[in-house]
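Colleague: Before I ask anything, here is the structure I am working with.
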Amino acid sequence: MNTSASDPRYDVIAIGNAVVDVIASCEEELIEELELNRGGMTLIDEARADALYDAMPPARELSGGSAANTLAGLSTLGLQCAFIGQVADDQLGKVFRHDMRATGIDFDTPARDGEPATGRVLIFVTPDGERTMNTFLGAGQYLPASALDEDLIASGAILYLEGYLWDPEEPRRAMRRAIEVAREAGRKVAFTASESFVIERHGDDFRAMIEDGVIDILFVNESELATLTGEDDFEAGLAAVAGKVPVLVATRSAKGAVAIAGGERAEVAAEPVDKVVDTTGAGDQFAAGFLSGHARGEPLEICLKRGAVAAAEVISHYGPRPEADMQALMARSA
């Protein structure tokens, strides 16, 4: 394996859930009727996924997955990206692979034979734009360490990992190995906590990684920061983590975002949006915008600004991936 830290082939390589988002608009009553966790993300089995799908209004199918969405944003911003994730050898798996490659992302992890099917997220969007997600991880839960291309991982300047995939055992082992490979190659490791429930289950792991210094860039939102640190006060939460990771990025929805790196602190307001249509992918695209600046050595405030612009674009339409010319949008907002 080439362990030189020079000349990375890719800007960002991500390991994440390979899932297809099924998105439908609905009224508040349906959320209550189906007993959904409004505004949250709930892991479900295949039977529940089938039942919810049958109960959904007309829906759109779009390839998703947190880290995959971030890569889609990065690719539209001109960065070279590769994805590692597990799909099944089925129709949704083919859709996912096609969508990734069509976005300019290298994705060569072999498909998995047999059950379970490719993962899917059933997303109910209420009139206020809030999304309620119900996730059947499917084949994504069975990404083995043996599926990792270690030379590929070593060739990326940044390895980006999503907390959602820390839950199942096989991908967790794969990601631990990927972190070792990336660090041996002198690469950076970026980690997004994904959701408070993931921290509740695996917070000891995450805190240990932070204490051990294996995370270079940490993305959290306000509630995740509180769960991670046990501090309800936002500033106290920042203070508890800031000195332990080289770059800490904390988003606060409509209240903007904060980043702290090397003792420097920057803040930006949320970008104005005429109408919030669908908040799916907001955090994913914020990470894409931020990393697109960070990978190019931009100042902290510029990185945050790019994150805010990317998040604003994605919440103005359905779906978790950009639809606008993001490079032109960034240039106009610079």
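Chain identifiers are assigned as A, B, and so on, following the order in which chains appear in the structure tokens; residues are numbered from 1 within each chain, and ligands are numbered from 1 in order of appearance.
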How close does each residue of stretch 18-37 of chain A get to stretch 133-156 of chain A, giving the shortest atom pair and distance in Å to one decimal for every residue with an atom at most 10 Å away, counting only C-alpha atoms, sorted by chain and residue number, as CSV?
Modeller:
```
residue,atom,partner,partner_atom,distance
A:Ala18,CA,A:Gly140,CA,5.8
A:Val19,CA,A:Leu137,CA,7.0
A:Val20,CA,A:Thr135,CA,9.8
A:Asp21,CA,A:Thr135,CA,8.9
A:Val22,CA,A:Met133,CA,9.6
A:Ile23,CA,A:Met133,CA,9.1
A:Leu36,CA,A:Asn134,CA,8.2
A:Asn37,CA,A:Met133,CA,8.1
```
Colleague: Find the residues of stretch 57-122 of chain A that sit at most 10 Å from stretch 281-288 of chain A; for each, write down the nearest two atoms and how far apart they are in Å, to one decimal. Count only C-alpha atoms. Sort by chain, then by number going up, and give it as a Markdown table.
Modeller:
```
| residue | atom | partner | partner_atom | distance |
| --- | --- | --- | --- | --- |
| A:Gly64 | CA | A:Gly281 | CA | 8.5 |
| A:Gly65 | CA | A:Gly281 | CA | 8.8 |
| A:Ser66 | CA | A:Asp284 | CA | 5.8 |
| A:Ala67 | CA | A:Asp284 | CA | 6.9 |
| A:Ala68 | CA | A:Asp284 | CA | 8.6 |
| A:Asn69 | CA | A:Asp284 | CA | 6.0 |
| A:Thr70 | CA | A:Asp284 | CA | 4.9 |
| A:Leu71 | CA | A:Ala288 | CA | 6.8 |
| A:Ala72 | CA | A:Ala288 | CA | 8.2 |
| A:Gly73 | CA | A:Ala288 | CA | 5.4 |
| A:Leu74 | CA | A:Ala288 | CA | 5.2 |
| A:Ser75 | CA | A:Ala288 | CA | 8.9 |
| A:Thr76 | CA | A:Ala288 | CA | 9.6 |
| A:Leu77 | CA | A:Ala288 | CA | 8.5 |
| A:Leu79 | CA | A:Ala288 | CA | 9.9 |
```
Colleague: Pick the closest to A:Ala226 from A:Ile199, A:Val214, A:Leu248, A:Val277: which is it, counting only C-alpha atoms?
Modeller: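 Of A:Ile199, A:Val214, A:Leu248, A:Val277, the one nearest A:Ala226 is A:Ile199, counting only C-alpha atoms.
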Colleague: Considering only C-alpha atoms, give me a table of residues in stretch 203-237 of chain A that are at most 12 Å from stretch 292-307 of chain A, with the closest atom pair and distance in Å for each, as a Markdown table.
Modeller:
```
| residue | atom | partner | partner_atom | distance |
| --- | --- | --- | --- | --- |
| A:Asp216 | CA | A:His294 | CA | 11.8 |
| A:Ile217 | CA | A:His294 | CA | 9.9 |
| A:Phe219 | CA | A:Gly307 | CA | 11.5 |
```
Colleague: Could you please take those selected residues and save C-alpha atoms as a PDB file, in the first residue's frame?
Modeller:
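Okay, this is what ended up in result-v2.pdb:
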```
ATOM      1  CA  ASP A 216      -9.739  15.668  12.268  1.00  0.00           C
ATOM      2  CA  ILE A 217     -13.059  17.257  11.271  1.00  0.00           C
ATOM      3  CA  PHE A 219     -19.700  17.748  12.070  1.00  0.00           C
TER       4      PHE A 219
END
```
Colleague: Just the number, please: distance in Å from atom CA of A:Ala190 to atom CA of A:Tyr318, one decimal.
Modeller: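 Answer for the atom CA of A:Ala190 to atom CA of A:Tyr318 separation: 26.7 Å.
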Colleague: Quick one: DSSP helix (DSSP H, G or I) residues in stretch 7-183 of chain A, as an mmCIF file with C-alpha atoms, in the first residue's frame?
Modeller:
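selection_13.cif, written as the output of this step:
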```
data_model
loop_
_atom_site.group_PDB
_atom_site.id
_atom_site.type_symbol
_atom_site.label_atom_id
_atom_site.label_comp_id
_atom_site.auth_asym_id
_atom_site.auth_seq_id
_atom_site.Cartn_x
_atom_site.Cartn_y
_atom_site.Cartn_z
ATOM 1 C CA GLU A 28 -49.718 16.222 9.543
ATOM 2 C CA GLU A 29 -52.564 13.785 10.152
ATOM 3 C CA LEU A 30 -50.759 11.003 8.301
ATOM 4 C CA ILE A 31 -47.720 11.369 10.575
ATOM 5 C CA GLU A 32 -49.975 10.802 13.589
ATOM 6 C CA GLU A 33 -51.990 8.040 11.946
ATOM 7 C CA GLU A 46 -38.357 -4.586 5.760
ATOM 8 C CA ALA A 47 -41.949 -5.437 6.752
ATOM 9 C CA ARG A 48 -42.471 -1.959 8.233
ATOM 10 C CA ALA A 49 -40.838 -0.438 5.149
ATOM 11 C CA ASP A 50 -43.298 -2.257 2.900
ATOM 12 C CA ALA A 51 -46.254 -1.158 5.056
ATOM 13 C CA LEU A 52 -45.190 2.492 5.083
ATOM 14 C CA TYR A 53 -44.545 2.437 1.350
ATOM 15 C CA ASP A 54 -48.091 1.171 0.784
ATOM 16 C CA ALA A 55 -49.434 4.004 2.978
ATOM 17 C CA SER A 66 -26.018 10.877 4.126
ATOM 18 C CA ALA A 67 -22.394 10.522 3.025
ATOM 19 C CA ALA A 68 -23.440 9.773 -0.565
ATOM 20 C CA ASN A 69 -25.452 12.999 -0.615
ATOM 21 C CA THR A 70 -22.423 14.920 0.632
ATOM 22 C CA LEU A 71 -20.294 13.426 -2.139
ATOM 23 C CA ALA A 72 -22.924 14.399 -4.715
ATOM 24 C CA GLY A 73 -22.661 17.987 -3.471
ATOM 25 C CA LEU A 74 -18.867 17.886 -3.526
ATOM 26 C CA SER A 75 -18.813 16.454 -7.035
ATOM 27 C CA THR A 76 -21.061 19.230 -8.365
ATOM 28 C CA GLN A 91 -33.150 -2.828 -9.202
ATOM 29 C CA LEU A 92 -32.697 -0.210 -6.474
ATOM 30 C CA GLY A 93 -29.034 -1.160 -6.236
ATOM 31 C CA LYS A 94 -28.651 -0.530 -9.972
ATOM 32 C CA VAL A 95 -30.464 2.820 -9.619
ATOM 33 C CA PHE A 96 -28.134 3.865 -6.815
ATOM 34 C CA ARG A 97 -24.970 2.879 -8.693
ATOM 35 C CA HIS A 98 -26.137 4.654 -11.848
ATOM 36 C CA ASP A 99 -26.994 7.842 -9.951
ATOM 37 C CA MET A 100 -23.599 7.941 -8.211
ATOM 38 C CA ARG A 101 -21.646 7.423 -11.396
ATOM 39 C CA ALA A 102 -23.826 9.885 -13.309
ATOM 40 C CA ALA A 139 -27.811 -4.495 2.285
ATOM 41 C CA GLY A 140 -25.954 -1.443 3.601
ATOM 42 C CA GLN A 141 -25.756 -3.085 7.029
ATOM 43 C CA TYR A 142 -23.547 -5.812 5.589
ATOM 44 C CA ALA A 145 -14.095 -4.851 5.903
ATOM 45 C CA SER A 146 -13.148 -7.256 3.100
ATOM 46 C CA ALA A 147 -15.027 -5.017 0.650
ATOM 47 C CA GLU A 150 -7.449 0.007 1.022
ATOM 48 C CA ASP A 151 -5.373 1.533 -1.768
ATOM 49 C CA LEU A 152 -8.421 3.590 -2.716
ATOM 50 C CA ILE A 153 -8.862 4.822 0.864
ATOM 51 C CA ALA A 154 -5.176 5.750 1.087
ATOM 52 C CA GLY A 163 -22.490 8.050 12.042
ATOM 53 C CA TYR A 164 -25.640 6.365 10.717
ATOM 54 C CA LEU A 165 -23.512 3.480 9.464
ATOM 55 C CA TRP A 166 -21.841 3.006 12.860
ATOM 56 C CA GLU A 169 -21.587 -4.281 13.334
ATOM 57 C CA GLU A 170 -20.011 -5.151 9.975
ATOM 58 C CA PRO A 171 -19.802 -1.579 8.627
ATOM 59 C CA ARG A 172 -18.546 -0.373 12.020
ATOM 60 C CA ARG A 173 -15.606 -2.783 11.768
ATOM 61 C CA ALA A 174 -15.045 -1.690 8.167
ATOM 62 C CA MET A 175 -14.972 1.985 9.151
ATOM 63 C CA ARG A 176 -12.553 1.340 12.020
ATOM 64 C CA ARG A 177 -10.207 -0.339 9.533
ATOM 65 C CA ALA A 178 -10.689 2.520 7.049
ATOM 66 C CA ILE A 179 -9.684 5.036 9.731
ATOM 67 C CA GLU A 180 -6.490 3.059 10.386
ATOM 68 C CA VAL A 181 -5.677 2.973 6.665
ATOM 69 C CA ALA A 182 -6.342 6.686 6.205
ATOM 70 C CA ARG A 183 -4.252 7.692 9.198
#
```
Colleague: For the contact check between stretch 116-177 of chain A and stretch 308-317 of chain A, emit one row per residue of stretch 116-177 of chain A within 12 Å, containing the shortest atom pair and the distance in Å rounded to one decimal, counting only C-alpha atoms, chain then rising number order, as a Markdown table.
Modeller:
```
| residue | atom | partner | partner_atom | distance |
| --- | --- | --- | --- | --- |
| A:Val125 | CA | A:His317 | CA | 11.4 |
| A:Asp128 | CA | A:Ile315 | CA | 11.2 |
| A:Gly129 | CA | A:Ile315 | CA | 8.1 |
| A:Glu130 | CA | A:Ile315 | CA | 9.8 |
| A:Arg131 | CA | A:Ile315 | CA | 10.5 |
```
Colleague: Need the shell around A:Glu224: protein/DNA/RNA residues with any atom at most 8 Å away, counting only C-alpha atoms. Skip same-chain ones fewer than 6 positions apart. Format as a PyMOL selection string?
Modeller: chain A and resi 193-196+199
Colleague: What's around A:Pro246 at 9 Å? Count only C-alpha atoms, leave out sequence neighbours fewer than 6 positions away in its own chain, and write the answer as JSON, numbers by chain.
Modeller: {"A": [213, 215, 216, 217, 218, 260, 261, 262]}
Colleague: With all heavy atoms kept, could you save the residues just selected as a PDB file, in the first residue's frame?
Modeller:
```
ATOM      1  N   GLY A 213      -7.862  11.371  19.303  1.00  0.00           N
ATOM      2  CA  GLY A 213      -7.348  12.229  18.240  1.00  0.00           C
ATOM      3  C   GLY A 213      -7.419  11.646  16.850  1.00  0.00           C
ATOM      4  O   GLY A 213      -6.634  12.030  15.975  1.00  0.00           O
ATOM      5  N   ILE A 215     -10.164  11.802  14.896  1.00  0.00           N
ATOM      6  CA  ILE A 215     -11.080  12.597  14.074  1.00  0.00           C
ATOM      7  C   ILE A 215     -10.480  13.986  13.863  1.00  0.00           C
ATOM      8  O   ILE A 215     -10.166  14.692  14.825  1.00  0.00           O
ATOM      9  CB  ILE A 215     -12.467  12.712  14.722  1.00  0.00           C
ATOM     10  CG1 ILE A 215     -13.126  11.339  14.821  1.00  0.00           C
ATOM     11  CG2 ILE A 215     -13.364  13.668  13.929  1.00  0.00           C
ATOM     12  CD1 ILE A 215     -14.451  11.340  15.545  1.00  0.00           C
ATOM     13  N   ASP A 216     -10.309  14.360  12.603  1.00  0.00           N
ATOM     14  CA  ASP A 216      -9.739  15.668  12.268  1.00  0.00           C
ATOM     15  C   ASP A 216     -10.811  16.733  12.067  1.00  0.00           C
ATOM     16  O   ASP A 216     -10.579  17.908  12.352  1.00  0.00           O
ATOM     17  CB  ASP A 216      -8.900  15.553  10.985  1.00  0.00           C
ATOM     18  CG  ASP A 216      -7.739  14.585  11.146  1.00  0.00           C
ATOM     19  OD1 ASP A 216      -6.797  14.911  11.884  1.00  0.00           O
ATOM     20  OD2 ASP A 216      -7.794  13.491  10.543  1.00  0.00           O
ATOM     21  N   ILE A 217     -11.962  16.320  11.541  1.00  0.00           N
ATOM     22  CA  ILE A 217     -13.059  17.257  11.271  1.00  0.00           C
ATOM     23  C   ILE A 217     -14.337  16.613  11.781  1.00  0.00           C
ATOM     24  O   ILE A 217     -14.695  15.513  11.340  1.00  0.00           O
ATOM     25  CB  ILE A 217     -13.203  17.556   9.759  1.00  0.00           C
ATOM     26  CG1 ILE A 217     -11.873  18.016   9.153  1.00  0.00           C
ATOM     27  CG2 ILE A 217     -14.292  18.609   9.522  1.00  0.00           C
ATOM     28  CD1 ILE A 217     -11.842  17.972   7.631  1.00  0.00           C
ATOM     29  N   LEU A 218     -15.024  17.264  12.709  1.00  0.00           N
ATOM     30  CA  LEU A 218     -16.255  16.709  13.288  1.00  0.00           C
ATOM     31  C   LEU A 218     -17.428  17.618  12.960  1.00  0.00           C
ATOM     32  O   LEU A 218     -17.386  18.821  13.225  1.00  0.00           O
ATOM     33  CB  LEU A 218     -16.111  16.596  14.811  1.00  0.00           C
ATOM     34  CG  LEU A 218     -17.361  16.106  15.568  1.00  0.00           C
ATOM     35  CD1 LEU A 218     -17.708  14.676  15.175  1.00  0.00           C
ATOM     36  CD2 LEU A 218     -17.146  16.215  17.079  1.00  0.00           C
ATOM     37  N   ILE A 260     -14.859  25.993  14.804  1.00  0.00           N
ATOM     38  CA  ILE A 260     -13.693  26.319  15.630  1.00  0.00           C
ATOM     39  C   ILE A 260     -12.540  25.454  15.159  1.00  0.00           C
ATOM     40  O   ILE A 260     -12.672  24.232  15.053  1.00  0.00           O
ATOM     41  CB  ILE A 260     -13.976  26.072  17.132  1.00  0.00           C
ATOM     42  CG1 ILE A 260     -15.161  26.931  17.602  1.00  0.00           C
ATOM     43  CG2 ILE A 260     -12.724  26.371  17.964  1.00  0.00           C
ATOM     44  CD1 ILE A 260     -15.610  26.634  19.030  1.00  0.00           C
ATOM     45  N   ALA A 261     -11.414  26.088  14.864  1.00  0.00           N
ATOM     46  CA  ALA A 261     -10.232  25.363  14.404  1.00  0.00           C
ATOM     47  C   ALA A 261      -8.986  26.068  14.912  1.00  0.00           C
ATOM     48  O   ALA A 261      -8.813  27.275  14.672  1.00  0.00           O
ATOM     49  CB  ALA A 261     -10.202  25.281  12.878  1.00  0.00           C
ATOM     50  N   GLY A 262      -8.149  25.331  15.619  1.00  0.00           N
ATOM     51  CA  GLY A 262      -6.892  25.894  16.093  1.00  0.00           C
ATOM     52  C   GLY A 262      -7.049  27.155  16.911  1.00  0.00           C
ATOM     53  O   GLY A 262      -6.238  28.079  16.801  1.00  0.00           O
TER      54      GLY A 262
END
```
Colleague: Work out how far atom CA of A:Met56 is from atom CA of A:Glu162, in Å to one decimal.
Modeller: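 Between atom CA of A:Glu162 and atom CA of A:Met56 the gap is 27.2 Å.
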Colleague: Give the strand (DSSP E or B) residues of stretch 93-292 of chain A, as DSSP finds them on the backbone, and put them as number ranges by chain.
Modeller: A: 106-107, 112, 118-125, 131-138, 156-162, 188-192, 217-221, 247-251, 257-261, 264-268
Colleague: Identify which of the residues A:Tyr160, A:Phe197, A:Phe83, A:Phe206 lies closest to A:Leu291, counting only C-alpha atoms when measuring atom-to-atom distances.
Modeller: A:Tyr160
Colleague: Using Å and a single decimal, report how far atom CA of A:Val249 sits from atom CA of A:Phe107.
Modeller: 27.2 Å
